[in-house]
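Structure data (mmCIF, C-alpha atoms) from upload.cif:
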```cif
data_structure
loop_
_atom_site.label_atom_id
_atom_site.label_comp_id
_atom_site.auth_asym_id
_atom_site.auth_seq_id
_atom_site.Cartn_x
_atom_site.Cartn_y
_atom_site.Cartn_z
CA MET A 26 -401.21 -44.05 -39.70
CA SER A 27 -398.85 -46.27 -41.60
CA TYR A 28 -395.57 -45.35 -43.23
CA ILE A 29 -393.27 -46.77 -45.87
CA ARG A 30 -389.53 -47.00 -45.30
CA ARG A 31 -387.16 -45.37 -47.75
CA THR A 32 -385.68 -47.81 -50.24
CA ARG A 33 -381.91 -48.00 -50.59
CA ASP A 34 -382.13 -45.79 -53.66
CA GLU A 35 -384.34 -43.28 -51.85
CA MET A 36 -381.80 -43.19 -49.01
CA ALA A 37 -379.03 -42.60 -51.56
CA ALA A 38 -381.03 -39.84 -53.23
CA ARG A 39 -381.58 -38.18 -49.85
CA VAL A 40 -377.82 -38.17 -49.16
CA ALA A 41 -377.08 -36.93 -52.68
CA ARG A 42 -379.39 -33.93 -52.14
CA ASP A 43 -377.04 -32.70 -49.38
CA ILE A 44 -373.82 -32.88 -51.42
CA PRO A 45 -373.12 -29.46 -52.91
CA GLU A 46 -371.42 -28.40 -56.12
CA GLY A 47 -367.66 -28.56 -55.86
CA ALA A 48 -367.54 -30.99 -52.92
CA TYR A 49 -364.71 -33.53 -52.65
CA VAL A 50 -366.46 -36.71 -51.55
CA ASN A 51 -365.52 -40.26 -50.63
CA LEU A 52 -368.30 -42.84 -50.83
CA GLY A 53 -367.64 -45.90 -48.69
CA ILE A 54 -368.02 -49.47 -49.84
CA GLY A 55 -371.54 -50.95 -49.86
CA LEU A 56 -374.67 -48.83 -49.43
CA PRO A 57 -372.88 -45.43 -49.82
CA THR A 58 -371.68 -46.42 -53.30
CA LEU A 59 -375.30 -46.01 -54.46
CA VAL A 60 -375.12 -42.26 -53.79
CA ALA A 61 -373.06 -41.81 -56.97
CA ASN A 62 -376.08 -42.85 -59.05
CA HIS A 63 -378.18 -40.04 -57.57
CA LEU A 64 -375.86 -37.02 -57.76
CA PRO A 65 -377.78 -34.46 -59.83
CA ARG A 66 -376.56 -34.13 -63.40
CA GLY A 67 -374.87 -30.82 -63.96
CA ARG A 68 -373.61 -30.57 -60.38
CA GLU A 69 -369.81 -30.97 -60.47
CA ILE A 70 -368.72 -33.18 -57.57
CA PHE A 71 -365.28 -34.76 -57.19
CA LEU A 72 -365.37 -38.40 -56.13
CA HIS A 73 -362.29 -39.62 -54.27
CA SER A 74 -361.29 -43.26 -54.04
CA GLU A 75 -358.73 -43.99 -51.34
CA ASN A 76 -356.65 -46.29 -53.52
CA GLY A 77 -355.54 -43.17 -55.39
CA ILE A 78 -358.17 -41.57 -57.63
CA LEU A 79 -359.84 -38.15 -57.76
CA GLY A 80 -362.48 -37.53 -60.39
CA MET A 81 -363.67 -41.10 -60.39
CA GLY A 82 -366.35 -41.83 -62.98
CA PRO A 83 -368.97 -44.57 -63.29
CA ALA A 84 -368.37 -48.24 -64.03
CA PRO A 85 -367.12 -48.92 -67.56
CA ALA A 86 -369.18 -50.64 -70.23
CA LYS A 87 -368.87 -54.41 -70.27
CA GLY A 88 -365.67 -55.39 -72.04
CA GLU A 89 -364.05 -52.01 -71.29
CA GLU A 90 -362.79 -52.93 -67.81
CA ASP A 91 -359.24 -51.88 -66.94
CA TRP A 92 -358.01 -53.68 -63.82
CA ASP A 93 -355.44 -50.95 -63.14
CA LEU A 94 -358.42 -48.61 -62.69
CA ILE A 95 -360.46 -49.93 -59.79
CA ASN A 96 -362.21 -48.36 -56.80
CA ALA A 97 -361.73 -49.09 -53.10
CA GLY A 98 -364.18 -51.99 -53.44
CA LYS A 99 -361.86 -53.35 -56.16
CA GLN A 100 -364.51 -52.91 -58.85
CA PRO A 101 -363.56 -51.45 -62.25
CA VAL A 102 -364.35 -47.75 -62.64
CA THR A 103 -363.52 -44.94 -65.09
CA LEU A 104 -361.75 -41.61 -64.79
CA LEU A 105 -363.48 -38.36 -65.71
CA PRO A 106 -361.63 -35.79 -67.83
CA GLY A 107 -359.66 -33.76 -65.28
CA GLY A 108 -359.25 -36.73 -62.95
CA ALA A 109 -355.92 -37.60 -61.34
CA PHE A 110 -353.97 -40.49 -59.84
CA PHE A 111 -351.73 -40.32 -56.76
CA HIS A 112 -350.05 -42.64 -54.28
CA HIS A 113 -351.51 -43.94 -51.04
CA ALA A 114 -349.84 -41.51 -48.64
CA ASP A 115 -351.16 -38.56 -50.66
CA SER A 116 -354.57 -40.17 -50.84
CA PHE A 117 -354.83 -40.46 -47.07
CA ALA A 118 -353.30 -37.01 -46.60
CA MET A 119 -356.36 -35.77 -48.50
CA MET A 120 -358.49 -37.22 -45.70
CA ARG A 121 -356.37 -36.70 -42.61
CA GLY A 122 -355.30 -33.28 -43.77
CA GLY A 123 -358.91 -32.10 -43.89
CA HIS A 124 -359.08 -31.62 -47.65
CA LEU A 125 -361.96 -34.01 -48.23
CA ASP A 126 -365.32 -32.35 -47.60
CA ILE A 127 -367.59 -35.31 -47.04
CA CYS A 128 -367.31 -39.03 -46.60
CA VAL A 129 -370.34 -41.29 -46.52
CA LEU A 130 -369.92 -44.54 -44.62
CA GLY A 131 -372.03 -47.53 -43.70
CA ALA A 132 -372.32 -48.44 -40.01
CA PHE A 133 -373.33 -51.06 -37.49
CA GLN A 134 -374.05 -48.43 -34.83
CA VAL A 135 -373.85 -44.68 -34.31
CA ALA A 136 -373.95 -43.23 -30.79
CA VAL A 137 -375.71 -40.01 -29.81
CA ASN A 138 -372.31 -38.34 -29.30
CA GLY A 139 -371.23 -39.22 -32.85
CA ASP A 140 -369.17 -42.32 -32.04
CA LEU A 141 -369.07 -44.69 -34.99
CA ALA A 142 -368.84 -48.49 -35.05
CA ASN A 143 -368.56 -49.92 -38.54
CA TRP A 144 -365.49 -52.13 -38.84
CA SER A 145 -365.97 -55.08 -36.52
CA THR A 146 -368.76 -56.80 -34.63
CA GLY A 147 -366.17 -57.95 -32.11
CA ALA A 148 -367.06 -61.61 -32.67
CA PRO A 149 -364.16 -63.59 -31.20
CA ASP A 150 -363.69 -65.90 -34.20
CA ALA A 151 -363.92 -63.14 -36.82
CA ILE A 152 -360.89 -62.23 -38.92
CA PRO A 153 -360.29 -58.54 -38.26
CA ALA A 154 -360.06 -56.15 -41.20
CA VAL A 155 -360.23 -52.38 -41.03
CA GLY A 156 -359.05 -50.94 -44.35
CA GLY A 157 -359.55 -47.18 -44.56
CA ALA A 158 -362.59 -47.02 -42.26
CA MET A 159 -360.82 -45.38 -39.32
CA ASP A 160 -358.99 -42.91 -41.55
CA LEU A 161 -362.20 -41.92 -43.32
CA ALA A 162 -364.17 -41.61 -40.09
CA VAL A 163 -361.88 -38.94 -38.64
CA GLY A 164 -360.45 -37.52 -41.83
CA ALA A 165 -363.25 -35.83 -43.75
CA LYS A 166 -364.58 -32.42 -42.72
CA SER A 167 -368.02 -34.05 -42.45
CA THR A 168 -368.62 -37.75 -41.86
CA TYR A 169 -372.09 -38.93 -42.88
CA VAL A 170 -373.47 -42.36 -42.15
CA MET A 171 -375.97 -44.15 -44.33
CA MET A 172 -377.59 -47.21 -42.77
CA GLU A 173 -380.83 -48.96 -41.95
CA HIS A 174 -382.40 -47.44 -38.84
CA GLN A 175 -382.73 -50.82 -37.14
CA THR A 176 -381.05 -54.20 -37.20
CA LYS A 177 -382.85 -57.17 -38.72
CA ALA A 178 -383.86 -58.06 -35.15
CA GLY A 179 -385.52 -54.66 -34.81
CA GLU A 180 -382.95 -53.04 -32.49
CA SER A 181 -382.12 -49.40 -33.06
CA LYS A 182 -378.69 -48.75 -34.60
CA ILE A 183 -378.75 -45.28 -33.05
CA VAL A 184 -377.54 -45.95 -29.53
CA GLU A 185 -376.49 -44.25 -26.30
CA ARG A 186 -373.12 -46.01 -26.45
CA CYS A 187 -371.77 -48.30 -29.15
CA SER A 188 -371.53 -51.92 -28.01
CA TYR A 189 -369.42 -52.84 -31.05
CA PRO A 190 -365.74 -51.81 -31.30
CA LEU A 191 -365.35 -48.16 -32.25
CA THR A 192 -364.12 -46.92 -35.61
CA GLY A 193 -363.91 -43.30 -34.54
CA VAL A 194 -364.81 -41.13 -31.57
CA GLY A 195 -367.43 -38.38 -31.91
CA CYS A 196 -366.94 -38.18 -35.67
CA VAL A 197 -370.41 -38.58 -37.20
CA LYS A 198 -372.31 -35.42 -38.13
CA ARG A 199 -375.31 -36.87 -39.95
CA VAL A 200 -377.14 -40.16 -40.22
CA TYR A 201 -379.33 -41.03 -43.20
CA THR A 202 -381.58 -44.02 -42.57
CA ASP A 203 -384.58 -45.68 -44.14
CA LEU A 204 -386.76 -43.75 -41.67
CA ALA A 205 -385.15 -40.38 -41.06
CA THR A 206 -382.31 -37.93 -41.45
CA LEU A 207 -380.57 -37.14 -38.17
CA ALA A 208 -378.05 -34.43 -37.33
CA ILE A 209 -375.61 -35.00 -34.46
CA GLY A 210 -374.42 -31.91 -32.66
CA PRO A 211 -373.14 -30.76 -29.29
CA HIS A 212 -376.70 -30.75 -27.93
CA GLY A 213 -377.59 -34.24 -29.08
CA VAL A 214 -379.45 -35.69 -32.02
CA THR A 215 -381.91 -33.65 -34.07
CA ALA A 216 -384.29 -35.31 -36.51
CA LEU A 217 -384.16 -33.19 -39.67
CA ASP A 218 -386.82 -35.12 -41.58
CA TRP A 219 -388.60 -38.47 -41.46
CA VAL A 220 -390.80 -40.52 -43.75
CA ASP A 221 -394.40 -39.54 -44.39
CA GLY A 222 -396.92 -41.10 -42.05
CA LEU A 223 -394.40 -41.70 -39.27
CA GLN A 224 -395.20 -39.68 -36.15
CA PHE A 225 -392.25 -38.05 -34.40
CA ASP A 226 -393.07 -39.84 -31.13
CA GLU A 227 -392.99 -43.15 -32.95
CA LEU A 228 -389.58 -42.27 -34.46
CA VAL A 229 -388.25 -41.54 -30.97
CA ARG A 230 -389.67 -44.83 -29.69
CA ILE A 231 -388.08 -46.79 -32.56
CA SER A 232 -384.76 -44.98 -32.11
CA GLY A 233 -384.63 -45.64 -28.38
CA VAL A 234 -382.66 -42.44 -27.74
CA PRO A 235 -383.76 -38.85 -27.16
CA LEU A 236 -384.33 -36.91 -30.40
CA ARG A 237 -385.05 -33.22 -30.88
CA GLU A 238 -387.48 -31.87 -33.41
CA PRO A 239 -386.02 -29.52 -36.03
CA MET B 22 -321.83 -47.36 -66.11
CA ILE B 23 -324.71 -47.57 -63.71
CA ASN B 24 -327.11 -50.28 -64.76
CA LYS B 25 -329.93 -51.27 -62.42
CA LEU B 26 -331.61 -53.41 -65.07
CA TYR B 27 -331.55 -57.12 -64.21
CA ALA B 28 -331.87 -59.83 -66.82
CA SER B 29 -334.36 -62.01 -64.96
CA VAL B 30 -336.67 -62.05 -61.98
CA ALA B 31 -334.41 -64.63 -60.34
CA ASP B 32 -331.37 -62.34 -60.71
CA ALA B 33 -333.33 -59.40 -59.36
CA LEU B 34 -334.33 -61.34 -56.23
CA ALA B 35 -330.90 -62.76 -55.44
CA GLY B 36 -329.86 -62.28 -51.84
CA VAL B 37 -333.23 -61.74 -50.12
CA PRO B 38 -332.38 -63.17 -46.69
CA ASP B 39 -334.46 -65.33 -44.39
CA GLY B 40 -336.27 -63.20 -41.82
CA ALA B 41 -336.45 -60.18 -44.12
CA THR B 42 -339.24 -57.62 -43.93
CA VAL B 43 -340.63 -57.44 -47.45
CA MET B 44 -343.07 -54.79 -48.64
CA THR B 45 -345.22 -55.77 -51.58
CA GLY B 46 -347.12 -53.12 -53.51
CA GLY B 47 -350.66 -53.40 -54.75
CA PHE B 48 -354.21 -52.73 -53.73
CA GLY B 49 -356.30 -55.71 -54.71
CA GLY B 50 -354.84 -56.85 -58.02
CA ALA B 51 -353.82 -53.36 -59.20
CA GLY B 52 -350.10 -52.82 -58.73
CA MET B 53 -349.50 -56.30 -57.31
CA PRO B 54 -346.01 -57.44 -58.37
CA ASN B 55 -347.08 -61.02 -59.04
CA GLU B 56 -344.00 -62.03 -61.04
CA LEU B 57 -341.67 -60.83 -58.27
CA ILE B 58 -343.72 -62.61 -55.59
CA ASP B 59 -343.66 -65.82 -57.65
CA GLY B 60 -339.91 -65.27 -57.95
CA LEU B 61 -339.62 -64.89 -54.19
CA ILE B 62 -341.32 -68.27 -53.73
CA GLU B 63 -338.73 -69.77 -56.11
CA GLN B 64 -335.92 -67.90 -54.38
CA GLY B 65 -336.82 -69.60 -51.12
CA ALA B 66 -336.43 -66.96 -48.38
CA ARG B 67 -338.44 -67.92 -45.30
CA ASP B 68 -339.59 -66.53 -42.00
CA LEU B 69 -340.59 -63.33 -43.79
CA VAL B 70 -342.53 -60.35 -42.49
CA ILE B 71 -344.81 -59.11 -45.28
CA VAL B 72 -346.17 -55.57 -45.50
CA ASN B 73 -349.08 -55.25 -47.92
CA ASN B 74 -352.53 -53.68 -47.86
CA ASN B 75 -354.16 -57.10 -48.10
CA ALA B 76 -353.14 -60.64 -47.29
CA GLY B 77 -353.45 -62.32 -50.65
CA ASN B 78 -356.44 -63.88 -52.33
CA GLY B 79 -357.10 -66.86 -54.55
CA GLU B 80 -354.08 -69.03 -55.29
CA GLN B 81 -351.67 -66.52 -56.84
CA GLY B 82 -349.01 -64.15 -55.62
CA LEU B 83 -349.11 -63.41 -51.90
CA ALA B 84 -351.62 -66.19 -51.25
CA ALA B 85 -349.17 -68.68 -52.79
CA LEU B 86 -346.32 -67.28 -50.66
CA LEU B 87 -348.45 -67.76 -47.54
CA LYS B 88 -349.47 -71.24 -48.63
CA ALA B 89 -345.79 -72.12 -49.10
CA GLY B 90 -345.29 -71.36 -45.40
CA ARG B 91 -342.71 -68.62 -45.98
CA VAL B 92 -344.37 -65.89 -43.97
CA ARG B 93 -344.09 -65.43 -40.20
CA LYS B 94 -346.03 -62.20 -39.87
CA ILE B 95 -348.14 -59.91 -42.01
CA ILE B 96 -348.69 -56.19 -41.48
CA CYS B 97 -351.78 -55.07 -43.39
CA SER B 98 -355.07 -53.21 -43.21
CA PHE B 99 -357.52 -55.59 -44.79
CA PRO B 100 -356.67 -59.30 -44.71
CA ARG B 101 -360.22 -60.58 -45.04
CA GLN B 102 -361.45 -60.97 -48.60
CA ALA B 103 -363.95 -63.25 -50.28
CA ASP B 104 -361.21 -65.67 -51.34
CA SER B 105 -358.44 -65.05 -48.79
CA HIS B 106 -358.69 -68.67 -47.60
CA HIS B 107 -354.93 -69.29 -47.29
CA PHE B 108 -354.55 -66.34 -44.95
CA ASP B 109 -357.72 -67.29 -43.07
CA SER B 110 -356.68 -70.87 -42.35
CA LEU B 111 -353.07 -70.00 -41.35
CA TYR B 112 -354.30 -67.18 -39.10
CA ARG B 113 -356.95 -69.34 -37.43
CA ALA B 114 -354.37 -72.10 -36.91
CA GLY B 115 -352.11 -69.60 -35.14
CA LYS B 116 -349.38 -70.04 -37.76
CA LEU B 117 -349.35 -66.44 -38.92
CA GLU B 118 -348.99 -63.31 -36.83
CA LEU B 119 -351.16 -60.36 -37.88
CA GLU B 120 -350.55 -56.68 -37.20
CA LEU B 121 -353.70 -54.89 -38.30
CA VAL B 122 -353.13 -51.22 -39.19
CA PRO B 123 -355.65 -48.66 -40.49
CA GLN B 124 -354.90 -48.14 -44.17
CA GLY B 125 -353.88 -44.50 -43.91
CA ASN B 126 -351.68 -45.19 -40.89
CA LEU B 127 -350.08 -48.01 -42.85
CA ALA B 128 -349.36 -45.64 -45.74
CA GLU B 129 -348.05 -42.90 -43.45
CA ARG B 130 -345.87 -45.30 -41.43
CA ILE B 131 -344.30 -46.43 -44.71
CA ARG B 132 -343.91 -42.83 -45.87
CA ALA B 133 -342.39 -41.85 -42.52
CA ALA B 134 -339.79 -44.62 -42.84
CA GLY B 135 -338.80 -43.40 -46.28
CA ALA B 136 -338.72 -39.78 -45.15
CA GLY B 137 -336.60 -40.40 -42.05
CA VAL B 138 -339.33 -39.42 -39.62
CA GLY B 139 -338.89 -41.04 -36.20
CA ALA B 140 -342.58 -41.26 -35.32
CA PHE B 141 -345.69 -39.17 -35.80
CA PHE B 142 -348.99 -38.36 -34.12
CA THR B 143 -352.11 -39.27 -36.09
CA PRO B 144 -355.80 -38.84 -35.22
CA THR B 145 -356.70 -42.07 -36.99
CA GLY B 146 -357.57 -44.89 -34.62
CA TYR B 147 -357.71 -42.76 -31.48
CA GLY B 148 -360.08 -44.30 -28.94
CA THR B 149 -360.29 -47.61 -30.82
CA ASP B 150 -358.99 -51.12 -30.14
CA LEU B 151 -356.22 -50.58 -32.70
CA ALA B 152 -354.70 -47.80 -30.57
CA LYS B 153 -354.73 -49.79 -27.33
CA GLY B 154 -351.49 -49.45 -25.41
CA LYS B 155 -350.18 -46.70 -27.67
CA GLU B 156 -349.03 -43.29 -26.52
CA THR B 157 -351.58 -40.53 -27.06
CA ARG B 158 -351.37 -36.77 -26.87
CA GLU B 159 -353.72 -33.81 -27.09
CA ILE B 160 -352.49 -31.28 -29.60
CA ASN B 161 -354.48 -28.09 -30.18
CA GLY B 162 -357.55 -29.68 -28.62
CA ARG B 163 -357.51 -32.84 -30.68
CA MET B 164 -356.42 -36.32 -29.61
CA TYR B 165 -353.67 -38.15 -31.49
CA VAL B 166 -351.97 -41.56 -31.38
CA LEU B 167 -348.21 -42.02 -31.71
CA GLU B 168 -347.27 -44.28 -34.60
CA TYR B 169 -343.83 -45.49 -35.63
CA PRO B 170 -342.43 -45.95 -39.14
CA ILE B 171 -342.31 -49.31 -40.91
CA HIS B 172 -338.94 -49.96 -42.49
CA ALA B 173 -338.32 -52.82 -44.88
CA ASP B 174 -335.32 -54.76 -46.09
CA VAL B 175 -336.88 -55.27 -49.50
CA ALA B 176 -339.75 -53.68 -51.41
CA LEU B 177 -341.27 -55.47 -54.38
CA ILE B 178 -343.22 -53.07 -56.54
CA LYS B 179 -344.90 -53.01 -59.92
CA ALA B 180 -344.39 -50.04 -62.20
CA GLU B 181 -345.10 -49.40 -65.86
CA ARG B 182 -341.80 -48.11 -67.28
CA GLY B 183 -338.28 -47.92 -65.94
CA ASP B 184 -334.79 -46.99 -67.09
CA ARG B 185 -331.31 -48.17 -66.09
CA TRP B 186 -331.03 -45.49 -63.40
CA GLY B 187 -334.19 -46.84 -61.75
CA ASN B 188 -336.57 -44.00 -62.62
CA LEU B 189 -340.15 -45.26 -62.69
CA THR B 190 -343.59 -44.33 -63.97
CA TYR B 191 -346.79 -46.11 -63.05
CA ARG B 192 -350.14 -46.85 -64.66
CA LYS B 193 -353.43 -45.47 -63.29
CA ALA B 194 -354.49 -46.69 -59.83
CA ALA B 195 -351.81 -49.41 -59.92
CA ARG B 196 -349.53 -46.71 -58.50
CA ASN B 197 -351.05 -47.03 -54.98
CA PHE B 198 -348.31 -48.16 -52.54
CA GLY B 199 -345.45 -48.33 -55.06
CA PRO B 200 -343.94 -44.86 -54.66
CA ILE B 201 -343.95 -44.88 -50.85
CA MET B 202 -342.74 -48.47 -50.47
CA ALA B 203 -339.88 -47.68 -52.84
CA THR B 204 -338.67 -45.07 -50.35
CA ALA B 205 -338.98 -47.26 -47.24
CA ALA B 206 -336.84 -50.27 -48.16
CA LYS B 207 -333.08 -50.83 -48.22
CA CYS B 208 -333.47 -52.65 -51.52
CA THR B 209 -336.36 -51.76 -53.80
CA ILE B 210 -336.94 -54.10 -56.70
CA ALA B 211 -339.33 -52.94 -59.41
CA GLN B 212 -340.91 -55.03 -62.11
CA VAL B 213 -341.84 -53.03 -65.21
CA PHE B 214 -343.53 -53.82 -68.47
CA GLU B 215 -341.18 -51.66 -70.48
CA THR B 216 -337.56 -50.59 -70.06
CA VAL B 217 -336.52 -47.43 -71.87
CA GLU B 218 -333.33 -45.50 -72.65
CA LEU B 219 -332.16 -42.78 -70.27
CA GLY B 220 -333.97 -39.59 -71.18
CA ALA B 221 -336.97 -41.37 -72.67
CA LEU B 222 -339.01 -40.85 -69.50
CA ASP B 223 -340.22 -37.26 -69.36
CA PRO B 224 -338.54 -35.94 -66.19
CA GLU B 225 -341.74 -33.99 -65.44
CA VAL B 226 -343.67 -37.25 -65.05
CA VAL B 227 -341.16 -39.49 -63.29
CA VAL B 228 -343.03 -40.58 -60.14
CA THR B 229 -340.29 -42.55 -58.41
CA PRO B 230 -336.79 -41.10 -58.98
CA GLY B 231 -334.08 -43.72 -59.34
CA ILE B 232 -332.46 -42.90 -55.99
CA PHE B 233 -335.17 -45.02 -54.36
CA VAL B 234 -334.71 -48.03 -56.64
CA LYS B 235 -331.92 -50.62 -56.64
CA ARG B 236 -333.08 -53.14 -59.23
CA VAL B 237 -335.42 -53.10 -62.23
CA VAL B 238 -336.57 -56.15 -64.13
CA LYS B 239 -338.77 -56.31 -67.20
CA VAL B 240 -341.64 -58.78 -67.22
CA ALA B 241 -344.09 -59.65 -70.00
CA ARG B 242 -347.53 -58.13 -69.83
CA GLN B 243 -350.18 -60.82 -69.49
CA GLY B 244 -352.62 -60.84 -72.41
CA ALA B 245 -355.63 -59.22 -70.87
CA MET B 246 -355.18 -57.58 -67.49
CA GLU B 247 -357.21 -59.53 -65.03
CA ALA B 248 -358.72 -59.01 -61.66
CA ALA B 249 -356.52 -59.95 -58.71
#
```
Can the structure in the file be given as structure tokens, please?
Amino acid sequence: MSYIRRTRDEMAARVARDIPEGAYVNLGIGLPTLVANHLPRGREIFLHSENGILGMGPAPAKGEEDWDLINAGKQPVTLLPGGAFFHHADSFAMMRGGHLDICVLGAFQVAVNGDLANWSTGAPDAIPAVGGAMDLAVGAKSTYVMMEHQTKAGESKIVERCSYPLTGVGCVKRVYTDLATLAIGPHGVTALDWVDGLQFDELVRISGVPLREP
Amino acid sequence: MINKLYASVADALAGVPDGATVMTGGFGGAGMPNELIDGLIEQGARDLVIVNNNAGNGEQGLAALLKAGRVRKIICSFPRQADSHHFDSLYRAGKLELELVPQGNLAERIRAAGAGVGAFFTPTGYGTDLAKGKETREINGRMYVLEYPIHADVALIKAERGDRWGNLTYRKAARNFGPIMATAAKCTIAQVFETVELGALDPEVVVTPGIFVKRVVKVARQGAMEAA
């Protein structure tokens, strides 16, 4: 039987389904940003941007950009009524202090124990840059990862041990991929759901690590 | 009469010594004190250590200071940007030292300096390359890394309004590092778009009280606010 991978928007919609009313959420740069487009209307969710915004709204209309009001990706955004501004130490206290409920991050690799690698490929000539990745990884009550299941070369990004430099140790609780939703717990990785037509055994083979059925 | 208002950017930057550690506010373009950084290039101090979230982009501000060869070391969280070519080439040529710090640790190290905290344990970075060689400790079952404060000789920050006692308000997300950097430097210099009479700033909304600010200088707002 054949299967079709989730599109980026379908992945984002799958993440959005798991974000409850009232959650304080940080969406990382890149793929996770798409989640904002799929949060159900009528569900009140507080988006946090680490440069100092709570209650972040969507991008402004063309011509309405205010460059003092940008997100962590340095793109213009808006502020919802009830939103607030604060300085950087407060912003990261919201993470480190355990006030943020969920952060959604992209990743190069996630290990079966929840280790996360998403800031550096370790290439010797690369210019290192970390930003808020390490703070986010360990700061939110729940760290979710949203990524393709495999690299372009077909290698699983769910691994026994990360080969890339770590961002955080044992911090990832869930992984949303184009093939499946995985939960990481003390007893290993549980596949919560996977795309239609994909057999569980095939998912395990593609993942290259032991998976439990729900 | 106490008057922290300076007539020009050049006056406000007088006396920044060679070898100074200089914090510069801003996250991307928001809150970047471009006029003060341009003034610092004019002023001529060299061998500087710069503390900023980024490492400059394009040709303006911090990028221009780097290009002018005035910076020995940069402490930041995210130097790599699409157009950070001046940083990139100096770094690759070994002409610029980089201390890479996770963004929240950077903010907290600055806050700690301003608050007189000697050091602190943070969970951020534990078990990663950026914590290598640092002291760690288990506290209540969780692992932490010891981090030290970052003090500065000078902080250059961008605020919205200021008065002659140095009280400041900010605008939107341009606030970012301004309030904490103001506390961490011996001499904080703020550029503002508007100077107002004492009492004109609502005391309920003053973000940086004047005790943290030595000098305030008014600069003209550029026509349309632009990216970076």
Using only C-alpha atoms, which residues of chain A come within 10 Å of chain B, and what is the closest atom pair for each, with the distance in Å to one decimal? Give it as a Markdown table, sorted by chain and residue number.
```
| residue | atom | partner | partner_atom | distance |
| --- | --- | --- | --- | --- |
| A:Ser74 | CA | B:Ala194 | CA | 9.6 |
| A:Glu75 | CA | B:Gly125 | CA | 8.9 |
| A:Asn76 | CA | B:Asn197 | CA | 5.8 |
| A:Gly77 | CA | B:Ala194 | CA | 5.8 |
| A:Ile78 | CA | B:Ala194 | CA | 6.7 |
| A:Glu90 | CA | B:Met246 | CA | 8.9 |
| A:Asp91 | CA | B:Met246 | CA | 7.0 |
| A:Trp92 | CA | B:Ala248 | CA | 5.8 |
| A:Asp93 | CA | B:Ala51 | CA | 4.9 |
| A:Leu94 | CA | B:Ala194 | CA | 5.2 |
| A:Ile95 | CA | B:Ala194 | CA | 6.8 |
| A:Asn96 | CA | B:Ala194 | CA | 8.5 |
| A:Ala97 | CA | B:Phe48 | CA | 8.4 |
| A:Gly98 | CA | B:Gly49 | CA | 8.8 |
| A:Lys99 | CA | B:Gly49 | CA | 6.2 |
| A:Gln100 | CA | B:Ala248 | CA | 8.9 |
| A:Pro101 | CA | B:Ala248 | CA | 9.0 |
| A:Leu104 | CA | B:Lys193 | CA | 9.3 |
| A:Ala109 | CA | B:Lys193 | CA | 8.5 |
| A:Phe110 | CA | B:Lys193 | CA | 6.1 |
| A:Phe111 | CA | B:Asn197 | CA | 7.0 |
| A:His112 | CA | B:Asn197 | CA | 4.6 |
| A:His113 | CA | B:Asn197 | CA | 5.0 |
| A:Ala114 | CA | B:Ala128 | CA | 5.1 |
| A:Asp115 | CA | B:Ala128 | CA | 8.8 |
| A:Ser116 | CA | B:Gly125 | CA | 8.2 |
| A:Phe117 | CA | B:Gly125 | CA | 5.2 |
| A:Ala118 | CA | B:Gly125 | CA | 8.0 |
| A:Met120 | CA | B:Gly125 | CA | 8.8 |
| A:Arg121 | CA | B:Pro144 | CA | 7.7 |
| A:Asp140 | CA | B:Gly148 | CA | 9.8 |
| A:Ala142 | CA | B:Thr149 | CA | 9.6 |
| A:Asp150 | CA | B:Arg113 | CA | 8.2 |
| A:Ala151 | CA | B:Arg113 | CA | 9.3 |
| A:Ile152 | CA | B:Arg101 | CA | 6.4 |
| A:Pro153 | CA | B:Arg101 | CA | 7.1 |
| A:Ala154 | CA | B:Phe99 | CA | 4.4 |
| A:Val155 | CA | B:Phe99 | CA | 5.6 |
| A:Gly156 | CA | B:Ser98 | CA | 4.7 |
| A:Gly157 | CA | B:Gln124 | CA | 4.8 |
| A:Ala158 | CA | B:Pro123 | CA | 7.3 |
| A:Met159 | CA | B:Gly146 | CA | 5.7 |
| A:Asp160 | CA | B:Thr145 | CA | 5.2 |
| A:Leu161 | CA | B:Thr145 | CA | 8.4 |
| A:Ala162 | CA | B:Thr145 | CA | 8.1 |
| A:Val163 | CA | B:Thr145 | CA | 6.3 |
| A:Gly164 | CA | B:Thr145 | CA | 7.6 |
| A:Pro190 | CA | B:Asp150 | CA | 6.9 |
| A:Leu191 | CA | B:Thr149 | CA | 5.3 |
| A:Thr192 | CA | B:Thr149 | CA | 6.2 |
| A:Gly193 | CA | B:Gly146 | CA | 6.5 |
| A:Val194 | CA | B:Gly148 | CA | 6.3 |
| A:Gly195 | CA | B:Gly148 | CA | 9.9 |
```
Long-range neighbours of Phe225 of chain A as a ChimeraX atom specification, 9 Å cut-off, all atoms listed in the file, 3 positions minimum in chain: /A:216,219,228-230,236,238
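Once Ser167 of chain A and its same-chain neighbours fewer than 4 positions away are set aside, Val50, Gly123, Leu125, Asp126, Ile127, Cys128, Val129, Leu161, Ala162, Val163, Cys196, Val197, Lys198 and Arg199 of chain A remain within 10 Å of it when counting only C-alpha atoms.
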How about saving the chosen residues, C-alpha atoms kept, as a compact mmCIF listing (two decimals), in the coordinates of the input?
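And here is the file that came out, again_15.txt:
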```txt
# COMPACT_ATOMS: atom_id res chain seq x y z
CA VAL A 50 -366.46 -36.71 -51.55
CA GLY A 123 -358.91 -32.10 -43.89
CA LEU A 125 -361.96 -34.01 -48.23
CA ASP A 126 -365.32 -32.35 -47.60
CA ILE A 127 -367.59 -35.31 -47.04
CA CYS A 128 -367.31 -39.03 -46.60
CA VAL A 129 -370.34 -41.29 -46.52
CA LEU A 161 -362.20 -41.92 -43.32
CA ALA A 162 -364.17 -41.61 -40.09
CA VAL A 163 -361.88 -38.94 -38.64
CA CYS A 196 -366.94 -38.18 -35.67
CA VAL A 197 -370.41 -38.58 -37.20
CA LYS A 198 -372.31 -35.42 -38.13
CA ARG A 199 -375.31 -36.87 -39.95
```
